[in-house]
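Text of the file my_file00.txt, holding compact mmCIF, N, CA and C atoms and all ligand atoms:
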```
# COMPACT_ATOMS: atom_id res chain seq x y z
N MET A 435 -6.73 20.10 -0.78
CA MET A 435 -6.89 19.54 0.57
C MET A 435 -5.70 18.64 0.89
N ARG A 436 -5.11 18.86 2.04
CA ARG A 436 -3.94 18.05 2.37
C ARG A 436 -4.32 16.80 3.15
N ILE A 437 -3.49 15.80 3.01
CA ILE A 437 -3.71 14.54 3.73
C ILE A 437 -3.21 14.71 5.15
N GLU A 438 -4.08 14.45 6.07
CA GLU A 438 -3.67 14.49 7.46
C GLU A 438 -2.88 13.25 7.80
N ARG A 439 -1.70 13.44 8.30
CA ARG A 439 -0.86 12.33 8.72
C ARG A 439 -1.60 11.45 9.74
N LYS A 440 -2.35 12.11 10.60
CA LYS A 440 -3.10 11.39 11.64
C LYS A 440 -4.12 10.44 11.05
N LEU A 441 -4.77 10.90 9.97
CA LEU A 441 -5.77 10.09 9.29
C LEU A 441 -5.11 8.86 8.66
N LEU A 442 -3.96 9.09 8.05
CA LEU A 442 -3.19 8.02 7.43
C LEU A 442 -2.81 6.97 8.49
N GLU A 443 -2.35 7.45 9.61
CA GLU A 443 -1.94 6.57 10.71
C GLU A 443 -3.13 5.77 11.24
N LYS A 444 -4.27 6.45 11.33
CA LYS A 444 -5.48 5.82 11.87
C LYS A 444 -5.95 4.69 10.96
N ILE A 445 -5.99 4.95 9.66
CA ILE A 445 -6.42 3.92 8.71
C ILE A 445 -5.41 2.77 8.70
N ALA A 446 -4.12 3.10 8.74
CA ALA A 446 -3.07 2.07 8.76
C ALA A 446 -3.21 1.18 10.00
N GLU A 447 -3.53 1.80 11.11
CA GLU A 447 -3.72 1.06 12.36
C GLU A 447 -4.88 0.06 12.22
N GLU A 448 -5.97 0.53 11.60
CA GLU A 448 -7.14 -0.34 11.40
C GLU A 448 -6.79 -1.54 10.52
N LEU A 449 -6.04 -1.26 9.44
CA LEU A 449 -5.66 -2.34 8.52
C LEU A 449 -4.74 -3.34 9.21
N THR A 450 -3.82 -2.82 10.02
CA THR A 450 -2.86 -3.68 10.73
C THR A 450 -3.59 -4.64 11.66
N LYS A 451 -4.60 -4.13 12.34
CA LYS A 451 -5.40 -4.98 13.23
C LYS A 451 -6.22 -5.97 12.42
N GLN A 452 -6.84 -5.46 11.35
CA GLN A 452 -7.69 -6.29 10.51
C GLN A 452 -6.95 -7.51 9.97
N TYR A 453 -5.69 -7.30 9.55
CA TYR A 453 -4.91 -8.39 8.96
C TYR A 453 -3.99 -9.07 9.98
N GLY A 454 -4.05 -8.63 11.24
CA GLY A 454 -3.23 -9.23 12.27
C GLY A 454 -1.74 -9.06 12.01
N LYS A 455 -1.36 -7.89 11.54
CA LYS A 455 0.04 -7.64 11.20
C LYS A 455 0.75 -6.85 12.31
N SER A 456 2.05 -6.66 12.11
CA SER A 456 2.89 -6.04 13.13
C SER A 456 2.99 -4.51 12.96
N GLU A 457 3.57 -3.91 13.97
CA GLU A 457 3.87 -2.48 13.95
C GLU A 457 4.80 -2.13 12.78
N THR A 458 5.73 -3.04 12.50
CA THR A 458 6.67 -2.84 11.39
C THR A 458 5.92 -2.78 10.06
N TRP A 459 4.97 -3.69 9.90
CA TRP A 459 4.16 -3.75 8.68
C TRP A 459 3.43 -2.40 8.51
N LYS A 460 2.87 -1.92 9.62
CA LYS A 460 2.14 -0.65 9.60
C LYS A 460 3.04 0.50 9.15
N ARG A 461 4.23 0.56 9.76
CA ARG A 461 5.17 1.65 9.40
C ARG A 461 5.56 1.58 7.94
N ARG A 462 5.72 0.35 7.43
CA ARG A 462 6.13 0.19 6.03
C ARG A 462 5.04 0.61 5.05
N ILE A 463 3.77 0.28 5.36
CA ILE A 463 2.71 0.68 4.42
C ILE A 463 2.53 2.20 4.44
N ILE A 464 2.69 2.80 5.61
CA ILE A 464 2.58 4.26 5.71
C ILE A 464 3.69 4.90 4.87
N LYS A 465 4.90 4.35 5.01
CA LYS A 465 6.04 4.89 4.29
C LYS A 465 5.84 4.81 2.77
N ARG A 466 5.32 3.66 2.32
CA ARG A 466 5.10 3.48 0.88
C ARG A 466 4.11 4.52 0.35
N VAL A 467 3.08 4.82 1.14
CA VAL A 467 2.09 5.82 0.69
C VAL A 467 2.71 7.22 0.75
N LEU A 468 3.45 7.50 1.81
CA LEU A 468 4.07 8.83 1.95
C LEU A 468 5.08 9.09 0.83
N LEU A 469 5.75 8.02 0.39
CA LEU A 469 6.73 8.16 -0.69
C LEU A 469 6.06 8.21 -2.06
N ASN A 470 4.72 8.12 -2.03
CA ASN A 470 3.93 8.20 -3.26
C ASN A 470 4.31 7.12 -4.27
N THR A 471 4.46 5.89 -3.79
CA THR A 471 4.92 4.80 -4.66
C THR A 471 3.76 4.06 -5.34
N VAL A 472 2.53 4.36 -4.93
CA VAL A 472 1.39 3.61 -5.46
C VAL A 472 0.76 4.34 -6.64
N SER A 473 0.63 3.64 -7.76
CA SER A 473 -0.08 4.19 -8.92
C SER A 473 -1.25 3.30 -9.26
N ARG A 474 -2.41 3.90 -9.39
CA ARG A 474 -3.61 3.14 -9.77
C ARG A 474 -3.60 3.04 -11.29
N ILE A 475 -3.59 1.82 -11.81
CA ILE A 475 -3.54 1.62 -13.26
C ILE A 475 -4.94 1.33 -13.80
N VAL A 476 -5.58 0.30 -13.26
CA VAL A 476 -6.97 0.00 -13.59
C VAL A 476 -7.76 0.07 -12.28
N PRO A 477 -8.64 1.07 -12.16
CA PRO A 477 -9.33 1.26 -10.88
C PRO A 477 -9.98 -0.02 -10.36
N GLY A 478 -9.67 -0.35 -9.12
CA GLY A 478 -10.25 -1.52 -8.48
C GLY A 478 -9.62 -2.84 -8.88
N LYS A 479 -8.70 -2.80 -9.86
CA LYS A 479 -8.16 -4.07 -10.37
C LYS A 479 -6.64 -4.17 -10.39
N LEU A 480 -5.97 -3.09 -10.78
CA LEU A 480 -4.52 -3.18 -10.95
C LEU A 480 -3.81 -1.90 -10.50
N TRP A 481 -2.74 -2.12 -9.73
CA TRP A 481 -1.91 -1.02 -9.26
C TRP A 481 -0.44 -1.38 -9.50
N ILE A 482 0.38 -0.36 -9.62
CA ILE A 482 1.82 -0.59 -9.65
C ILE A 482 2.42 0.11 -8.44
N VAL A 483 3.24 -0.63 -7.71
CA VAL A 483 3.91 -0.07 -6.54
C VAL A 483 5.41 -0.02 -6.85
N ARG A 484 5.97 1.17 -6.79
CA ARG A 484 7.40 1.35 -7.05
C ARG A 484 8.20 0.73 -5.90
N GLY A 485 9.23 0.00 -6.27
CA GLY A 485 10.07 -0.63 -5.26
C GLY A 485 10.93 0.39 -4.55
N VAL A 486 11.12 0.17 -3.25
CA VAL A 486 11.95 1.05 -2.44
C VAL A 486 13.07 0.19 -1.83
N PRO A 487 14.30 0.31 -2.36
CA PRO A 487 15.41 -0.53 -1.88
C PRO A 487 15.57 -0.48 -0.36
N GLU A 488 15.35 0.69 0.20
CA GLU A 488 15.44 0.89 1.65
C GLU A 488 14.51 -0.04 2.43
N LEU A 489 13.39 -0.42 1.79
CA LEU A 489 12.42 -1.30 2.44
C LEU A 489 12.65 -2.77 2.05
N GLY A 490 13.80 -3.03 1.43
CA GLY A 490 14.15 -4.41 1.10
C GLY A 490 13.61 -4.89 -0.25
N ASP A 491 13.08 -3.98 -1.06
CA ASP A 491 12.55 -4.37 -2.36
C ASP A 491 13.70 -4.70 -3.32
N LYS A 492 13.55 -5.82 -4.01
CA LYS A 492 14.58 -6.24 -4.96
C LYS A 492 14.24 -5.81 -6.39
N TYR A 493 12.98 -5.45 -6.60
CA TYR A 493 12.53 -5.11 -7.94
C TYR A 493 12.11 -3.65 -8.01
N GLN A 494 12.17 -3.10 -9.23
CA GLN A 494 11.82 -1.69 -9.40
C GLN A 494 10.33 -1.44 -9.25
N HIS A 495 9.53 -2.42 -9.70
CA HIS A 495 8.09 -2.28 -9.61
C HIS A 495 7.44 -3.59 -9.20
N TYR A 496 6.34 -3.47 -8.50
CA TYR A 496 5.53 -4.63 -8.14
C TYR A 496 4.12 -4.35 -8.65
N GLU A 497 3.50 -5.40 -9.20
CA GLU A 497 2.12 -5.24 -9.65
C GLU A 497 1.21 -5.90 -8.62
N VAL A 498 0.18 -5.17 -8.26
CA VAL A 498 -0.80 -5.70 -7.32
C VAL A 498 -2.14 -5.82 -8.05
N TYR A 499 -2.70 -7.02 -8.02
CA TYR A 499 -3.98 -7.28 -8.68
C TYR A 499 -5.04 -7.54 -7.63
N ASN A 500 -6.27 -7.15 -7.96
CA ASN A 500 -7.39 -7.57 -7.14
C ASN A 500 -8.23 -8.52 -7.97
N LYS A 501 -8.19 -9.79 -7.55
CA LYS A 501 -8.97 -10.79 -8.28
C LYS A 501 -10.06 -11.28 -7.34
N ASP A 502 -11.30 -10.96 -7.69
CA ASP A 502 -12.46 -11.36 -6.89
C ASP A 502 -12.30 -11.04 -5.41
N GLY A 503 -11.74 -9.86 -5.14
CA GLY A 503 -11.62 -9.42 -3.75
C GLY A 503 -10.33 -9.86 -3.07
N ASN A 504 -9.55 -10.70 -3.75
CA ASN A 504 -8.27 -11.11 -3.18
C ASN A 504 -7.13 -10.36 -3.85
N TYR A 505 -6.25 -9.82 -3.01
CA TYR A 505 -5.11 -9.10 -3.55
C TYR A 505 -3.95 -10.06 -3.80
N ILE A 506 -3.36 -9.91 -4.98
CA ILE A 506 -2.21 -10.74 -5.35
C ILE A 506 -1.09 -9.78 -5.78
N CYS A 507 0.12 -10.04 -5.26
CA CYS A 507 1.24 -9.18 -5.60
C CYS A 507 2.28 -10.00 -6.36
N THR A 508 2.99 -9.35 -7.28
CA THR A 508 4.00 -10.10 -8.03
C THR A 508 5.14 -10.58 -7.14
N CYS A 509 5.29 -9.99 -5.95
CA CYS A 509 6.33 -10.51 -5.05
C CYS A 509 5.99 -11.90 -4.55
N TYR A 510 4.72 -12.32 -4.65
CA TYR A 510 4.33 -13.67 -4.22
C TYR A 510 4.93 -14.74 -5.13
N ILE A 511 5.21 -14.35 -6.36
CA ILE A 511 5.81 -15.29 -7.32
C ILE A 511 7.21 -15.68 -6.85
N HIS A 512 7.87 -14.72 -6.21
CA HIS A 512 9.26 -14.92 -5.83
C HIS A 512 9.41 -15.49 -4.42
N SER A 513 8.33 -15.57 -3.70
CA SER A 513 8.42 -16.07 -2.33
C SER A 513 7.37 -17.15 -2.11
N TRP A 514 7.82 -18.34 -1.72
CA TRP A 514 6.88 -19.43 -1.47
C TRP A 514 6.18 -19.24 -0.14
N SER A 515 6.79 -18.48 0.72
CA SER A 515 6.24 -18.29 2.05
C SER A 515 5.00 -17.42 2.01
N SER A 516 3.96 -17.85 2.72
CA SER A 516 2.76 -17.01 2.76
C SER A 516 2.74 -16.20 4.05
N ARG A 517 3.82 -16.31 4.82
CA ARG A 517 3.90 -15.66 6.11
C ARG A 517 3.76 -14.13 6.01
N ARG A 518 4.32 -13.58 4.93
CA ARG A 518 4.32 -12.13 4.79
C ARG A 518 3.01 -11.58 4.22
N ARG A 519 2.10 -12.47 3.84
CA ARG A 519 0.89 -11.98 3.15
C ARG A 519 -0.15 -11.48 4.13
N PRO A 520 -0.87 -10.44 3.84
CA PRO A 520 -0.59 -9.61 2.67
C PRO A 520 0.72 -8.85 2.84
N CYS A 521 1.45 -8.75 1.75
CA CYS A 521 2.73 -8.04 1.79
C CYS A 521 2.48 -6.53 1.95
N THR A 522 3.54 -5.80 2.17
CA THR A 522 3.35 -4.36 2.40
C THR A 522 3.03 -3.62 1.10
N HIS A 523 3.27 -4.26 -0.07
CA HIS A 523 2.83 -3.64 -1.33
C HIS A 523 1.31 -3.61 -1.36
N VAL A 524 0.72 -4.77 -1.02
CA VAL A 524 -0.74 -4.87 -0.98
C VAL A 524 -1.28 -3.95 0.11
N GLY A 525 -0.63 -3.95 1.27
CA GLY A 525 -1.06 -3.08 2.37
C GLY A 525 -1.07 -1.62 1.95
N ALA A 526 -0.03 -1.22 1.21
CA ALA A 526 0.08 0.17 0.75
C ALA A 526 -1.04 0.50 -0.24
N VAL A 527 -1.37 -0.46 -1.10
CA VAL A 527 -2.45 -0.25 -2.08
C VAL A 527 -3.79 -0.05 -1.36
N ILE A 528 -4.04 -0.90 -0.36
CA ILE A 528 -5.31 -0.79 0.38
C ILE A 528 -5.35 0.55 1.13
N LEU A 529 -4.24 0.91 1.74
CA LEU A 529 -4.17 2.19 2.47
C LEU A 529 -4.38 3.36 1.51
N TYR A 530 -3.73 3.28 0.36
CA TYR A 530 -3.87 4.33 -0.66
C TYR A 530 -5.31 4.46 -1.12
N GLU A 531 -5.97 3.32 -1.36
CA GLU A 531 -7.37 3.35 -1.81
C GLU A 531 -8.29 3.93 -0.73
N ARG A 532 -8.02 3.56 0.54
CA ARG A 532 -8.85 4.09 1.63
C ARG A 532 -8.70 5.61 1.73
N ILE A 533 -7.45 6.06 1.67
CA ILE A 533 -7.20 7.49 1.87
C ILE A 533 -7.72 8.29 0.67
N THR A 534 -7.59 7.73 -0.54
CA THR A 534 -8.08 8.47 -1.71
C THR A 534 -9.59 8.36 -1.88
N SER A 535 -10.21 7.43 -1.15
CA SER A 535 -11.67 7.41 -1.18
C SER A 535 -12.22 8.55 -0.33
N ILE A 536 -11.35 9.08 0.53
CA ILE A 536 -11.73 10.21 1.37
C ILE A 536 -11.29 11.51 0.68
N VAL A 537 -10.06 11.49 0.15
CA VAL A 537 -9.53 12.65 -0.57
C VAL A 537 -8.97 12.17 -1.90
N GLU A 538 -9.57 12.59 -3.00
CA GLU A 538 -9.09 12.17 -4.31
C GLU A 538 -7.73 12.79 -4.61
N PRO A 539 -6.82 12.01 -5.19
CA PRO A 539 -5.53 12.61 -5.55
C PRO A 539 -5.73 13.61 -6.66
N GLY A 540 -5.00 14.66 -6.61
CA GLY A 540 -5.11 15.71 -7.62
C GLY A 540 -4.02 16.71 -7.31
N PRO A 541 -4.16 17.92 -7.82
CA PRO A 541 -3.13 18.92 -7.56
C PRO A 541 -2.90 19.17 -6.07
N GLY A 542 -3.96 18.97 -5.29
CA GLY A 542 -3.83 19.23 -3.86
C GLY A 542 -3.42 18.03 -3.05
N PHE A 543 -3.19 16.88 -3.75
CA PHE A 543 -2.87 15.64 -3.05
C PHE A 543 -1.41 15.65 -2.66
N GLU A 544 -1.16 15.84 -1.38
CA GLU A 544 0.22 15.92 -0.91
C GLU A 544 0.40 14.98 0.27
N PRO A 545 0.63 13.70 -0.02
CA PRO A 545 0.78 12.79 1.10
C PRO A 545 1.94 13.22 2.00
N GLY A 546 1.73 13.12 3.27
CA GLY A 546 2.81 13.41 4.20
C GLY A 546 2.84 14.85 4.67
N LYS A 547 2.06 15.68 4.02
CA LYS A 547 2.08 17.09 4.44
C LYS A 547 1.11 17.30 5.60
ZN ZN B 1 4.27 -7.60 -2.61
```
Once you've parsed the file, please lay out its structure as structure tokens.
Amino acid sequence: MRIERKLLEKIAEELTKQYGKSETWKRRIIKRVLLNTVSRIVPGKLWIVRGVPELGDKYQHYEVYNKDGNYICTCYIHSWSSRRRPCTHVGAVILYERITSIVEPGPGFEPGK
């Protein structure tokens, strides 16, 4: 089963509104999912998001944790500003989890198709 781009956009739109984020934030989280940068390490608790230099990432990988319902990203260690939170790594993880709760990743999982 292929991922509908429209579905991805729709969920991203909902998240953007929910967190009061910008159109840019939305485009970035969609891009991170389309580039398949999110890996689920411990279900519900830990993910690794591959850094994308094009999106301004300085590190090769970012770890996103869910602690008691709050998402924490390793990029928060490097930035004192909370303005960007949730960052687009966290946004991408949430988007990835929403989309895979509808369609499980597997041989047929082709984001962006
Ligand atoms: Zn981050």
* Asked: Out of chain A, which residues get alpha helix (DSSP H) from DSSP, as an NGL selection string?
  -> :A and (439-452 or 457-468 or 509-512 or 522-536)
Please identify the residues whose atoms come within 7 Å of ligand ZN 1 (chain B), using only N, CA and C atoms and all ligand atoms, and report them as an mmCIF file with N, CA and C atoms, in the coordinates of the input.
```cif
data_model
loop_
_atom_site.group_PDB
_atom_site.id
_atom_site.type_symbol
_atom_site.label_atom_id
_atom_site.label_comp_id
_atom_site.auth_asym_id
_atom_site.auth_seq_id
_atom_site.Cartn_x
_atom_site.Cartn_y
_atom_site.Cartn_z
ATOM 1 N N TYR A 496 6.340 -3.470 -8.500
ATOM 2 C CA TYR A 496 5.530 -4.630 -8.140
ATOM 3 C C TYR A 496 4.120 -4.350 -8.650
ATOM 4 N N GLU A 497 3.500 -5.400 -9.200
ATOM 5 C CA GLU A 497 2.120 -5.240 -9.650
ATOM 6 C C GLU A 497 1.210 -5.900 -8.620
ATOM 7 N N ILE A 506 -3.360 -9.910 -4.980
ATOM 8 C CA ILE A 506 -2.210 -10.740 -5.350
ATOM 9 C C ILE A 506 -1.090 -9.780 -5.780
ATOM 10 N N CYS A 507 0.120 -10.040 -5.260
ATOM 11 C CA CYS A 507 1.240 -9.180 -5.600
ATOM 12 C C CYS A 507 2.280 -10.000 -6.360
ATOM 13 N N THR A 508 2.990 -9.350 -7.280
ATOM 14 C CA THR A 508 4.000 -10.100 -8.030
ATOM 15 C C THR A 508 5.140 -10.580 -7.140
ATOM 16 N N CYS A 509 5.290 -9.990 -5.950
ATOM 17 C CA CYS A 509 6.330 -10.510 -5.050
ATOM 18 C C CYS A 509 5.990 -11.900 -4.550
ATOM 19 N N TYR A 510 4.720 -12.320 -4.650
ATOM 20 C CA TYR A 510 4.330 -13.670 -4.220
ATOM 21 C C TYR A 510 4.930 -14.740 -5.130
ATOM 22 N N PRO A 520 -0.870 -10.440 3.840
ATOM 23 C CA PRO A 520 -0.590 -9.610 2.670
ATOM 24 C C PRO A 520 0.720 -8.850 2.840
ATOM 25 N N CYS A 521 1.450 -8.750 1.750
ATOM 26 C CA CYS A 521 2.730 -8.040 1.790
ATOM 27 C C CYS A 521 2.480 -6.530 1.950
ATOM 28 N N THR A 522 3.540 -5.800 2.170
ATOM 29 C CA THR A 522 3.350 -4.360 2.400
ATOM 30 C C THR A 522 3.030 -3.620 1.100
ATOM 31 N N HIS A 523 3.270 -4.260 -0.070
ATOM 32 C CA HIS A 523 2.830 -3.640 -1.330
ATOM 33 C C HIS A 523 1.310 -3.610 -1.360
ATOM 34 N N VAL A 524 0.720 -4.770 -1.020
ATOM 35 C CA VAL A 524 -0.740 -4.870 -0.980
ATOM 36 C C VAL A 524 -1.280 -3.950 0.110
#
```
Please report, as a tab-separated table, each residue of segment 495-516 of chain A lying at most 8 Å from segment 479-483 of chain A, together with the nearest pair of atoms and the separation in Å rounded to one decimal; use only C-alpha atoms, and order rows by chain and ascending residue number.
```
residue	atom	partner	partner_atom	distance
A:His495	CA	A:Val483	CA	5.6
A:Tyr496	CA	A:Val483	CA	5.1
A:Glu497	CA	A:Ile482	CA	4.7
A:Val498	CA	A:Trp481	CA	5.2
A:Tyr499	CA	A:Leu480	CA	4.7
A:Asn500	CA	A:Lys479	CA	4.8
A:Lys501	CA	A:Lys479	CA	7.1
```
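Between atom CA of Gly478 of chain A and atom C of Glu457 of chain A the separation is 26.1 Å.
Atom C of Ile528 of chain A is positioned 21.0 Å from atom C of Pro487 of chain A.
Going from atom N of Arg462 of chain A over to atom C of Val486 of chain A, you cover 11.8 Å.
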* strand (DSSP E or B) per DSSP on the backbone: members of chain A, as a ChimeraX atom specification -> /A:472-476,480-484,495-501,504-507
* Within 8 Å of (0.8, -2.1, 10.2), all atoms listed in the file: residues as a count of residues only? -> 17
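Minimum atom-to-atom distances from A:Gly503, A:Tyr453, A:Glu488, A:Val527 to Thr471 of chain A were compared using only C-alpha atoms, and the lowest value belongs to A:Val527.
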Report as AutoDock Vina command-line options the centre and the edge lengths, in Å to one decimal, of the axis-aligned box holding every listed atom of segment 492-502 of chain A, padded by 3 Å on each side.
```
--center_x 1.1 --center_y -6.4 --center_z -6.9 --size_x 33.0 --size_y 15.9 --size_z 11.7
```
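Residues in contact range of segment 531-534 of chain A, defined as at most 8 Å between all atoms listed in the file, with sequence neighbours fewer than 5 positions away removed, read Leu441, Leu442, Ile445, Gly525, Ala526 and Pro539 of chain A.
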